[in-house]
>>> print(open('entry35.cif').read())   # mmCIF, C-alpha atoms
data_work
#
loop_
_atom_site.group_PDB
_atom_site.id
_atom_site.type_symbol
_atom_site.label_atom_id
_atom_site.label_comp_id
_atom_site.auth_asym_id
_atom_site.auth_seq_id
_atom_site.Cartn_x
_atom_site.Cartn_y
_atom_site.Cartn_z
ATOM 1 C CA MET A 843 -12.571 -18.836 1.732
ATOM 2 C CA ILE A 844 -14.874 -16.495 3.596
ATOM 3 C CA GLU A 845 -16.246 -13.282 2.113
ATOM 4 C CA ILE A 846 -16.862 -10.394 4.515
ATOM 5 C CA GLY A 847 -17.605 -7.168 2.692
ATOM 6 C CA ASP A 848 -14.840 -6.642 0.157
ATOM 7 C CA LYS A 849 -12.437 -8.935 2.032
ATOM 8 C CA ILE A 850 -11.806 -12.546 1.012
ATOM 9 C CA VAL A 851 -10.483 -14.320 4.102
ATOM 10 C CA SER A 852 -8.548 -17.575 4.093
ATOM 11 C CA GLU A 853 -9.987 -20.129 6.504
ATOM 12 C CA ASP A 854 -6.414 -20.555 7.769
ATOM 13 C CA LEU A 855 -7.095 -17.520 9.984
ATOM 14 C CA LEU A 856 -9.704 -19.625 11.781
ATOM 15 C CA ASP A 857 -7.968 -23.002 11.637
ATOM 16 C CA VAL A 858 -4.325 -22.202 12.392
ATOM 17 C CA CYS A 859 -3.421 -21.725 16.038
ATOM 18 C CA PHE A 860 -0.825 -19.030 16.531
ATOM 19 C CA ALA A 861 0.546 -16.949 19.416
ATOM 20 C CA CYS A 862 3.846 -15.089 19.130
ATOM 21 C CA ASP A 863 6.486 -16.478 21.476
ATOM 22 C CA TYR A 864 8.689 -13.416 21.762
ATOM 23 C CA GLU A 865 10.824 -15.030 24.475
ATOM 24 C CA ARG A 866 11.941 -17.580 21.885
ATOM 25 C CA CYS A 867 11.917 -15.727 18.561
ATOM 26 C CA LYS A 868 13.215 -12.389 19.941
ATOM 27 C CA GLY A 869 11.417 -10.457 17.181
ATOM 28 C CA ILE A 870 13.235 -12.124 14.295
ATOM 29 C CA CYS A 871 10.426 -11.255 11.834
ATOM 30 C CA CYS A 872 11.697 -7.644 11.892
ATOM 31 C CA VAL A 873 15.162 -8.843 10.896
ATOM 32 C CA GLU A 874 14.695 -11.700 8.434
ATOM 33 C CA GLY A 875 13.074 -11.397 5.030
ATOM 34 C CA GLU A 876 13.665 -10.319 1.466
ATOM 35 C CA SER A 877 12.302 -6.791 1.718
ATOM 36 C CA GLY A 878 10.882 -4.357 4.234
ATOM 37 C CA ALA A 879 7.386 -4.271 5.679
ATOM 38 C CA PRO A 880 4.647 -3.370 3.189
ATOM 39 C CA LEU A 881 3.194 0.110 3.677
ATOM 40 C CA GLU A 882 -0.413 1.209 3.265
ATOM 41 C CA ALA A 883 -1.385 4.617 1.908
ATOM 42 C CA GLY A 884 -0.434 7.319 4.401
ATOM 43 C CA GLU A 885 1.930 5.188 6.473
ATOM 44 C CA LYS A 886 5.093 6.605 4.913
ATOM 45 C CA ALA A 887 3.911 10.054 6.050
ATOM 46 C CA MET A 888 3.389 8.732 9.597
ATOM 47 C CA LEU A 889 6.870 7.194 9.638
ATOM 48 C CA GLU A 890 8.313 10.513 8.515
ATOM 49 C CA LYS A 891 6.191 12.488 10.990
ATOM 50 C CA TYR A 892 7.733 10.713 13.994
ATOM 51 C CA LEU A 893 11.194 10.059 12.565
ATOM 52 C CA GLU A 894 12.877 12.626 14.826
ATOM 53 C CA GLN A 895 11.423 10.940 17.933
ATOM 54 C CA VAL A 896 12.606 7.442 16.909
ATOM 55 C CA ARG A 897 15.975 8.570 15.511
ATOM 56 C CA PRO A 898 17.836 8.162 18.870
ATOM 57 C CA LEU A 899 16.741 4.504 18.991
ATOM 58 C CA LEU A 900 18.089 3.595 15.546
ATOM 59 C CA SER A 901 21.491 2.193 14.608
ATOM 60 C CA PRO A 902 24.033 4.296 12.715
ATOM 61 C CA GLN A 903 23.628 1.900 9.764
ATOM 62 C CA ALA A 904 19.846 2.427 9.739
ATOM 63 C CA LEU A 905 20.271 6.183 9.925
ATOM 64 C CA GLY A 906 22.649 6.004 6.953
ATOM 65 C CA VAL A 907 20.103 4.055 4.882
ATOM 66 C CA ILE A 908 17.333 6.505 5.802
ATOM 67 C CA SER A 909 19.603 9.423 4.879
ATOM 68 C CA GLU A 910 20.344 7.869 1.462
ATOM 69 C CA GLN A 911 16.952 6.468 0.414
ATOM 70 C CA GLY A 912 14.398 7.608 2.954
ATOM 71 C CA VAL A 913 12.099 5.607 5.221
ATOM 72 C CA SER A 914 10.810 3.426 2.369
ATOM 73 C CA TYR A 915 11.487 2.166 -1.150
ATOM 74 C CA VAL A 916 9.648 0.283 -3.890
ATOM 75 C CA ASP A 917 10.651 -3.395 -3.889
ATOM 76 C CA ASP A 918 10.974 -5.824 -6.813
ATOM 77 C CA ASP A 919 7.236 -6.589 -6.647
ATOM 78 C CA GLY A 920 6.377 -2.910 -7.018
ATOM 79 C CA ASP A 921 5.257 -2.519 -3.383
ATOM 80 C CA GLU A 922 6.283 0.368 -1.154
ATOM 81 C CA VAL A 923 8.065 -1.134 1.862
ATOM 82 C CA THR A 924 10.117 0.076 4.803
ATOM 83 C CA SER A 925 13.814 0.535 4.097
ATOM 84 C CA ILE A 926 16.152 -2.215 5.286
ATOM 85 C CA VAL A 927 19.777 -2.482 6.393
ATOM 86 C CA ASP A 928 22.096 -4.895 4.571
ATOM 87 C CA GLY A 929 19.178 -6.722 2.951
ATOM 88 C CA LYS A 930 17.749 -7.768 6.329
ATOM 89 C CA ASP A 931 16.878 -5.581 9.328
ATOM 90 C CA CYS A 932 14.055 -3.095 9.005
ATOM 91 C CA VAL A 933 15.596 0.342 9.566
ATOM 92 C CA PHE A 934 13.219 0.855 12.496
ATOM 93 C CA THR A 935 14.469 -2.074 14.564
ATOM 94 C CA THR A 936 16.051 -1.382 17.884
ATOM 95 C CA TYR A 937 17.338 -3.821 20.478
ATOM 96 C CA ASP A 938 16.957 -4.119 24.225
ATOM 97 C CA GLU A 939 19.717 -5.127 26.669
ATOM 98 C CA GLN A 940 19.009 -8.839 26.062
ATOM 99 C CA GLY A 941 19.328 -8.508 22.281
ATOM 100 C CA ASN A 942 15.587 -8.713 21.640
ATOM 101 C CA CYS A 943 14.444 -6.876 18.525
ATOM 102 C CA LEU A 944 11.810 -4.174 18.981
ATOM 103 C CA CYS A 945 10.132 -1.739 16.614
ATOM 104 C CA ALA A 946 11.229 1.770 17.582
ATOM 105 C CA TYR A 947 7.798 3.159 16.691
ATOM 106 C CA GLU A 948 5.961 0.552 18.749
ATOM 107 C CA LYS A 949 8.277 1.156 21.710
ATOM 108 C CA LEU A 950 7.507 4.892 21.732
ATOM 109 C CA TYR A 951 3.806 4.225 21.086
ATOM 110 C CA ARG A 952 3.583 1.882 24.106
ATOM 111 C CA GLU A 953 5.377 4.522 26.192
ATOM 112 C CA GLY A 954 2.736 7.080 25.141
ATOM 113 C CA VAL A 955 5.253 9.294 23.314
ATOM 114 C CA ILE A 956 3.677 9.010 19.819
ATOM 115 C CA ASP A 957 0.231 8.026 18.517
ATOM 116 C CA PHE A 958 1.375 5.750 15.656
ATOM 117 C CA CYS A 959 2.158 2.143 16.602
ATOM 118 C CA LYS A 960 3.756 0.798 13.406
ATOM 119 C CA PRO A 961 2.655 -0.159 9.880
ATOM 120 C CA ILE A 962 -0.503 -2.260 9.833
ATOM 121 C CA SER A 963 1.326 -5.005 7.924
ATOM 122 C CA CYS A 964 3.649 -5.381 10.925
ATOM 123 C CA ARG A 965 0.776 -5.359 13.390
ATOM 124 C CA LEU A 966 -1.107 -7.985 11.374
ATOM 125 C CA TYR A 967 1.805 -10.340 10.739
ATOM 126 C CA PRO A 968 1.591 -13.308 9.922
ATOM 127 C CA ILE A 969 -1.516 -12.122 8.119
ATOM 128 C CA ARG A 970 -0.723 -10.584 4.760
ATOM 129 C CA LEU A 971 -3.078 -8.417 2.726
ATOM 130 C CA THR A 972 -3.115 -8.469 -1.067
ATOM 131 C CA ARG A 973 -5.192 -5.817 -2.800
ATOM 132 C CA TYR A 974 -6.969 -6.611 -6.057
ATOM 133 C CA ALA A 975 -9.496 -4.637 -8.092
ATOM 134 C CA GLY A 976 -12.665 -4.836 -6.007
ATOM 135 C CA PHE A 977 -11.434 -6.897 -3.058
ATOM 136 C CA THR A 978 -8.634 -7.549 -0.586
ATOM 137 C CA ALA A 979 -7.307 -11.059 0.085
ATOM 138 C CA VAL A 980 -6.584 -11.700 3.767
ATOM 139 C CA ASN A 981 -4.182 -14.647 4.018
ATOM 140 C CA TYR A 982 -1.967 -16.416 6.514
ATOM 141 C CA HIS A 983 1.718 -16.268 5.589
ATOM 142 C CA LYS A 984 3.535 -19.358 6.828
ATOM 143 C CA TRP A 985 7.172 -18.722 7.686
ATOM 144 C CA GLU A 986 9.717 -20.983 9.353
ATOM 145 C CA VAL A 987 10.799 -18.297 11.853
ATOM 146 C CA CYS A 988 7.295 -18.455 13.389
ATOM 147 C CA ARG A 989 7.460 -22.170 14.220
ATOM 148 C CA CYS A 990 7.552 -21.404 17.966
ATOM 149 C CA ALA A 991 4.401 -19.246 17.593
ATOM 150 C CA LEU A 992 2.578 -22.171 15.990
ATOM 151 C CA LYS A 993 3.605 -24.420 18.857
ATOM 152 C CA ARG A 994 2.559 -21.898 21.508
ATOM 153 C CA GLY A 995 -0.729 -21.177 19.727
ATOM 154 C CA LYS A 996 -1.522 -24.881 19.572
ATOM 155 C CA ASN A 997 -0.614 -25.402 23.241
ATOM 156 C CA GLU A 998 -2.843 -22.479 24.256
ATOM 157 C CA SER A 999 -5.592 -23.199 21.661
ATOM 158 C CA VAL A 1000 -5.465 -19.653 20.273
ATOM 159 C CA PRO A 1001 -6.719 -19.277 16.698
ATOM 160 C CA LEU A 1002 -4.752 -16.805 14.606
ATOM 161 C CA TYR A 1003 -7.692 -14.424 14.160
ATOM 162 C CA ARG A 1004 -8.158 -14.179 17.939
ATOM 163 C CA PHE A 1005 -4.469 -13.605 18.568
ATOM 164 C CA LEU A 1006 -4.601 -10.718 16.091
ATOM 165 C CA GLN A 1007 -7.981 -9.332 17.177
ATOM 166 C CA GLU A 1008 -6.658 -5.845 17.977
ATOM 167 C CA PRO A 1009 -4.847 -5.252 14.667
ATOM 168 C CA LEU A 1010 -7.695 -6.826 12.662
ATOM 169 C CA ILE A 1011 -10.089 -4.370 14.284
ATOM 170 C CA ALA A 1012 -7.631 -1.536 13.627
ATOM 171 C CA ALA A 1013 -7.446 -2.570 9.959
ATOM 172 C CA PHE A 1014 -11.100 -3.390 9.228
ATOM 173 C CA GLY A 1015 -13.271 -2.240 12.146
ATOM 174 C CA GLU A 1016 -15.191 -3.857 15.006
ATOM 175 C CA GLU A 1017 -18.222 -4.763 12.892
ATOM 176 C CA TRP A 1018 -16.027 -6.605 10.380
ATOM 177 C CA TYR A 1019 -14.276 -8.494 13.182
ATOM 178 C CA ALA A 1020 -17.618 -9.445 14.762
ATOM 179 C CA GLN A 1021 -18.664 -10.923 11.404
ATOM 180 C CA LEU A 1022 -15.416 -12.891 11.257
ATOM 181 C CA GLU A 1023 -16.060 -14.194 14.778
ATOM 182 C CA SER A 1024 -19.602 -15.220 13.756
ATOM 183 C CA CYS A 1025 -18.224 -17.092 10.746
ATOM 184 C CA ALA A 1026 -15.713 -18.876 12.964
ATOM 185 C CA GLN A 1027 -18.440 -19.941 15.407
ATOM 186 C CA TYR A 1028 -20.691 -21.124 12.576
ATOM 187 C CA LEU A 1029 -17.911 -23.195 11.015
ATOM 188 C CA ARG A 1030 -16.910 -24.647 14.398
ATOM 189 C CA HIS A 1031 -20.498 -25.786 15.098
ATOM 190 C CA ARG A 1032 -20.968 -27.050 11.546
ATOM 191 C CA ASP A 1033 -17.892 -29.259 11.880
ATOM 192 C CA GLU A 1034 -18.904 -30.743 15.251
#
>>> encode(input="entry35.cif", output="structure tokens")
Amino acid sequence: MIEIGDKIVSEDLLDVCFACDYERCKGICCVEGESGAPLEAGEKAMLEKYLEQVRPLLSPQALGVISEQGVSYVDDDGDEVTSIVDGKDCVFTTYDEQGNCLCAYEKLYREGVIDFCKPISCRLYPIRLTRYAGFTAVNYHKWEVCRCALKRGKNESVPLYRFLQEPLIAAFGEEWYAQLESCAQYLRHRDE
């Protein structure tokens, strides 16, 4: 484990090679799972703020769920998460002509329509954050649906923390990321 500020980081972030292979997985992480994406403070408000813009991209089933329970709910673990359809799809999934899953918020963000990309937990995946009194654990979540990302990451020699540089900076700042990079370099040289 590596301690950077009030974050305790699993060395898996440095050791595991990972690079999403969207051509193969087709965004399945937005569809599979036991509950929706975890939300940070303020993210529910952002989802609600841009709901009218994303509404045309959502399925009738998703719109029905949102109408009944809203954009989020509290799951069995007591975490606020995005609402889901039929125990699977995040309500904010949309699909392109080839059947690839996309986040409706991210689609509009990349098109410059809105200024909110998507929940940080989605941007950071497969990194998961767990908040404790006094610190946050930053861990790699291994999931079978990401097997192709592990293979691609290994083939391209991309450590997980580098693949997720942008969302890690968004979550914790450039200075924090620079410290993580320094730790990775130190550990690499130490092990040589």
>>> atom_distance(input="entry35.cif", atom1="CA of Lys886 in chain A", atom2="CA of Asp854 in chain A")
29.6 Å
>>> residues_around(input="entry35.cif", residues="range 921-929 of chain A", least_positions_apart="5", cutoff="12 Å", atoms="only C-alpha atoms", output="JSON, numbers by chain")
{"A": [872, 873, 874, 875, 876, 877, 878, 879, 880, 881, 882, 883, 884, 885, 886, 887, 888, 889, 890, 900, 901, 902, 903, 904, 905, 906, 907, 908, 909, 910, 911, 912, 913, 914, 915, 916, 934, 935, 945, 960, 961, 962, 963, 964, 971, 972, 973]}
>>> residues_around(input="entry35.cif", residues="Cys859 in chain A", least_positions_apart="5", cutoff="8 Å", atoms="all atoms listed in the file", output="ChimeraX atom specification")
/A:992,995-996,999-1002
>>> write_last_selection(input="entry35.cif", atoms="C-alpha atoms", output="tab-separated table (two decimals), in the frame of the given file")
chain	number	residue	atom	x	y	z
A	992	LEU	CA	2.58	-22.17	15.99
A	995	GLY	CA	-0.73	-21.18	19.73
A	996	LYS	CA	-1.52	-24.88	19.57
A	999	SER	CA	-5.59	-23.20	21.66
A	1000	VAL	CA	-5.46	-19.65	20.27
A	1001	PRO	CA	-6.72	-19.28	16.70
A	1002	LEU	CA	-4.75	-16.80	14.61
>>> closest_residue(input="entry35.cif", among="A:Ala979, A:Cys1025, A:Cys988, A:Leu1006", to="Val851 in chain A", atoms="only C-alpha atoms")
A:Ala979
>>> closest_residue(input="entry35.cif", among="A:Ser852, A:Gln1027, A:Gln895, A:Asn981", to="Leu966 in chain A", atoms="only C-alpha atoms")
A:Asn981
>>> resolve_selection(input="entry35.cif", expression="the PyMOL selection byres ((chain A and resi 866-869) around 8)", output="list of chain:residue names")
A:Asp863, A:Tyr864, A:Glu865, A:Ile870, A:Cys871, A:Cys872, A:Val873, A:Gly941, A:Asn942, A:Cys943, A:Leu944, A:Val987, A:Cys988, A:Cys990
>>> closest_residue(input="entry35.cif", among="A:Arg965, A:Phe977, A:Leu856, A:Asp917", to="Ile1011 in chain A", atoms="all atoms listed in the file")
A:Arg965
>>> resolve_selection(input="entry35.cif", expression="the PyMOL selection byres ((chain A and resi 982) around 8)", output="PDB file with C-alpha atoms, in the frame of the given file")
ATOM      1  CA  SER A 852      -8.548 -17.575   4.093  1.00  0.00           C
ATOM      2  CA  ASP A 854      -6.414 -20.555   7.769  1.00  0.00           C
ATOM      3  CA  LEU A 855      -7.095 -17.520   9.984  1.00  0.00           C
ATOM      4  CA  PRO A 968       1.591 -13.308   9.922  1.00  0.00           C
ATOM      5  CA  ILE A 969      -1.516 -12.122   8.119  1.00  0.00           C
ATOM      6  CA  ARG A 970      -0.723 -10.584   4.760  1.00  0.00           C
ATOM      7  CA  VAL A 980      -6.584 -11.700   3.767  1.00  0.00           C
ATOM      8  CA  ASN A 981      -4.182 -14.647   4.018  1.00  0.00           C
ATOM      9  CA  HIS A 983       1.718 -16.268   5.589  1.00  0.00           C
ATOM     10  CA  LYS A 984       3.535 -19.358   6.828  1.00  0.00           C
TER      11      LYS A 984
END
